[in-house]
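Following: one structure in structure tokens, then a few remarks.
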Amino acid sequence: MPLPSPKELQRQLPLSAALHDRVEAQRHQIRDILEGRDDRLLVVVGPCSVHDPDAAMEYARRLAKLADQVRDRLLLVMRVYVEKPRTTVGWKGMAYDPDLNGQSDIRRGLELSRGLMRDIVDLGLPVATELLQPMIAPYLDDLLAWVAIGARTTESQLHRELASGLKAAVGFKNATNGDLQVALDAMQSAAHPHEHFAIGGDGRPVMKQTQGNDMTHVVLRGGHGGPNYDVDSVAAARKAIVGGGFAPRLMVDCSHANARKDHRRQSEVMLEVLAQRENGDSALIGVMLESHIHEGKQPLVPGKLRYGVSVTDACIGWETTEHLLNLAAERLAKA
């Protein structure tokens, strides 16, 4: 199946000058948090993966309203994950299989993904995603304020090279076994210029030169040995980061191994991070939450899907999300 080039898709779904400036402003706000000029908590929140653009937009409208209410203490960034890494096989995300039927209409998936992200930026929300396939990045990267490189790809040279050329901030997760060093190595690599193979705007292979990206940080997501968001684990991570020559800035992923794969425990993780922030740990610059309109997850059965429920990892519901974020804003205002 022939696919449009990145430039062709950008012409089809253009980013207006006003939205371009908005994305730049959102990136600047995140940079200010990472560099300590803004003491708000960065919160990357939203569905584990996006499979229904209508539900995603309803969630985005709710989040945009909440973001305005808590903006003094929190900067909310919406997870719009259109790619999903698979341990073996499974649904790879809306960018690959938008109809959830195994037909892999990637052309339509790219169109839906870019259109959805543009609509969410138009609401005023910064957009975050995980970049899994480097060839997809040029179709979407002008819309992104924050990017995750996942636990399985942080060690990948291709993803480190990709991160070095992004204008968005990048969070590198620790490895699935809990190893933090791979994330520190990734940050060091991403901070340097690279020359690497890439796809150009016209869809042709090019040798790309990157300038390096110093807006990177570690994301603690736990590992096979258990969670790593407690005071001792955070202190050890901070020491390793500083020892590696980096500014101490950490985000805690409240899901995955930190929640022991129980989505309901995300609240516990969030509250512990808030307590550490209240006790003066400014290195904890952000958190990540997996959240949807309704709690839980569902099997991917086309034609029988419940609206606003994740088809990948289980998520907390909107009511819990709203409560947690309002609570965080209140507590941080008093800290």
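Following the order of the structure tokens, chains are lettered A, B, ..., residues in each are numbered from 1, and ligands are numbered from 1.
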Write out as a Markdown table the residues of region 142-237 of chain A that have any atom within 8 Å of an atom of region 270-290 of chain A, one row each with the nearest atom pair and its distance in Å to one decimal, counting only C-alpha atoms, sorted by chain and then rising number.
```
| residue | atom | partner | partner_atom | distance |
| --- | --- | --- | --- | --- |
| A:Tyr229 | CA | A:Val273 | CA | 7.3 |
| A:Asp230 | CA | A:Glu272 | CA | 7.3 |
| A:Val231 | CA | A:Gln276 | CA | 7.2 |
```
For this session: Using backbone DSSP assignments, extract all alpha helix (DSSP H) residues from region 80-287 of chain A; output them as a PyMOL selection string.
Result: chain A and resi 106-122+137-140+157-164+181-190+231-243+266-278
Ser113 (chain A) surroundings by only C-alpha atoms, 12 Å radius, close-in-sequence under 2 positions cut, as a compact mmCIF listing (two decimals) with C-alpha atoms, in the first residue's frame:
```txt
# COMPACT_ATOMS: atom_id res chain seq x y z
CA LEU A 9 -0.04 14.60 4.88
CA GLN A 10 0.97 17.97 6.34
CA LEU A 13 -3.89 18.42 7.42
CA SER A 49 -3.87 4.14 23.79
CA VAL A 50 -6.31 5.95 21.53
CA HIS A 51 -8.62 3.76 19.49
CA ASP A 52 -11.78 5.90 19.14
CA PRO A 53 -11.23 9.51 18.01
CA ALA A 56 -10.55 10.81 22.67
CA MET A 57 -12.01 14.21 21.80
CA VAL A 80 -2.39 10.67 22.54
CA TYR A 81 -0.69 7.32 22.02
CA VAL A 82 -1.33 6.03 18.49
CA GLU A 83 1.39 3.35 18.57
CA GLY A 93 -2.37 1.15 17.66
CA MET A 94 -4.57 3.51 15.69
CA ALA A 95 -1.76 4.60 13.38
CA TYR A 96 -1.49 1.02 12.10
CA ASP A 97 -4.97 -0.44 12.41
CA PRO A 98 -7.57 2.33 12.83
CA ILE A 106 -1.98 2.70 7.74
CA ARG A 107 -2.84 5.54 5.34
CA ARG A 108 -6.10 6.15 7.18
CA GLY A 109 -4.38 5.56 10.51
CA LEU A 110 -1.85 8.31 9.83
CA GLU A 111 -4.62 10.67 8.72
CA GLY A 115 -6.07 15.00 12.54
CA LEU A 116 -6.84 14.01 16.12
CA MET A 117 -3.63 15.51 17.47
CA ARG A 118 -4.28 18.74 15.57
CA ASP A 119 -7.81 18.96 16.97
CA ILE A 120 -6.51 18.45 20.51
CA VAL A 127 0.01 16.63 23.07
CA THR A 129 2.89 10.45 22.47
CA ILE A 136 6.16 7.74 11.72
CA ALA A 137 7.78 10.65 13.55
CA TYR A 139 4.16 12.73 10.10
CA LEU A 140 3.41 13.91 13.65
CA ASP A 141 6.39 15.62 15.29
CA LEU A 143 2.33 18.66 16.81
CA LEU A 144 4.14 17.19 19.80
```
Exercise. To one decimal place, how far is CA of Leu123 (chain A) from CA of Leu76 (chain A) in Å?
Worked result: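 Separation between CA of Leu123 (chain A) and CA of Leu76 (chain A): 12.5 Å.
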Problem set entry | Selection near region 198-208 of chain A, 7 Å with only C-alpha atoms, sequence-local residues under 6 positions removed, as a ChimeraX atom specification | /A:5-7,135
For this session: Pull the strand (DSSP E or B) assignments for region 41-164 of chain A out of DSSP run on the backbone, and list those residues as a list in words.
Result: Leu41, Leu42, Val43, Val44, Val45, Gly46, Leu74, Leu75, Leu76, Val77, Met78, Arg79, Val127, Ala128, Thr129, Glu130, Trp146, Val147, Ala148 and Ile149 of chain A
Store the residues picked out above, limited to C-alpha atoms, as a CSV table (one decimal), in the first residue's frame.
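Output file selection-v9.csv follows:
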```csv
chain,number,residue,atom,x,y,z
A,41,LEU,CA,4.0,19.7,38.2
A,42,LEU,CA,4.0,18.3,34.7
A,43,VAL,CA,1.2,15.8,34.3
A,44,VAL,CA,1.1,13.6,31.2
A,45,VAL,CA,-2.4,12.1,31.4
A,46,GLY,CA,-4.8,10.3,29.1
A,74,LEU,CA,-0.2,21.8,37.2
A,75,LEU,CA,0.6,21.7,33.5
A,76,LEU,CA,-1.6,19.0,31.9
A,77,VAL,CA,-0.4,17.3,28.7
A,78,MET,CA,-2.7,14.8,27.0
A,79,ARG,CA,-1.5,11.3,26.2
A,127,VAL,CA,0.0,16.6,23.1
A,128,ALA,CA,2.3,13.7,24.2
A,129,THR,CA,2.9,10.4,22.5
A,130,GLU,CA,5.3,7.5,22.5
A,146,TRP,CA,6.4,15.9,24.9
A,147,VAL,CA,7.6,12.5,23.7
A,148,ALA,CA,8.1,9.2,25.5
A,149,ILE,CA,10.7,6.7,24.5
```
Problem set entry | For Asn177 (chain A): contacts at 6 Å, only C-alpha atoms, fewer than 2 positions along chain excluded, given as a ChimeraX atom specification | /A:175,179,223-224
Exercise. Contacts of His292 (chain A) at 10 Å or less, counting only C-alpha atoms, minus same-chain residues fewer than 5 places along, as JSON, numbers by chain?
Worked result: {"A": [45, 46, 47, 48, 49, 50, 55, 56, 58, 59, 60, 297, 308, 309, 310, 314, 315, 316, 317, 318, 319, 320, 321]}
Seminar exercise, completed: What separates CA of Lys239 (chain A) and CA of Leu158 (chain A) is a distance of 27.4 Å
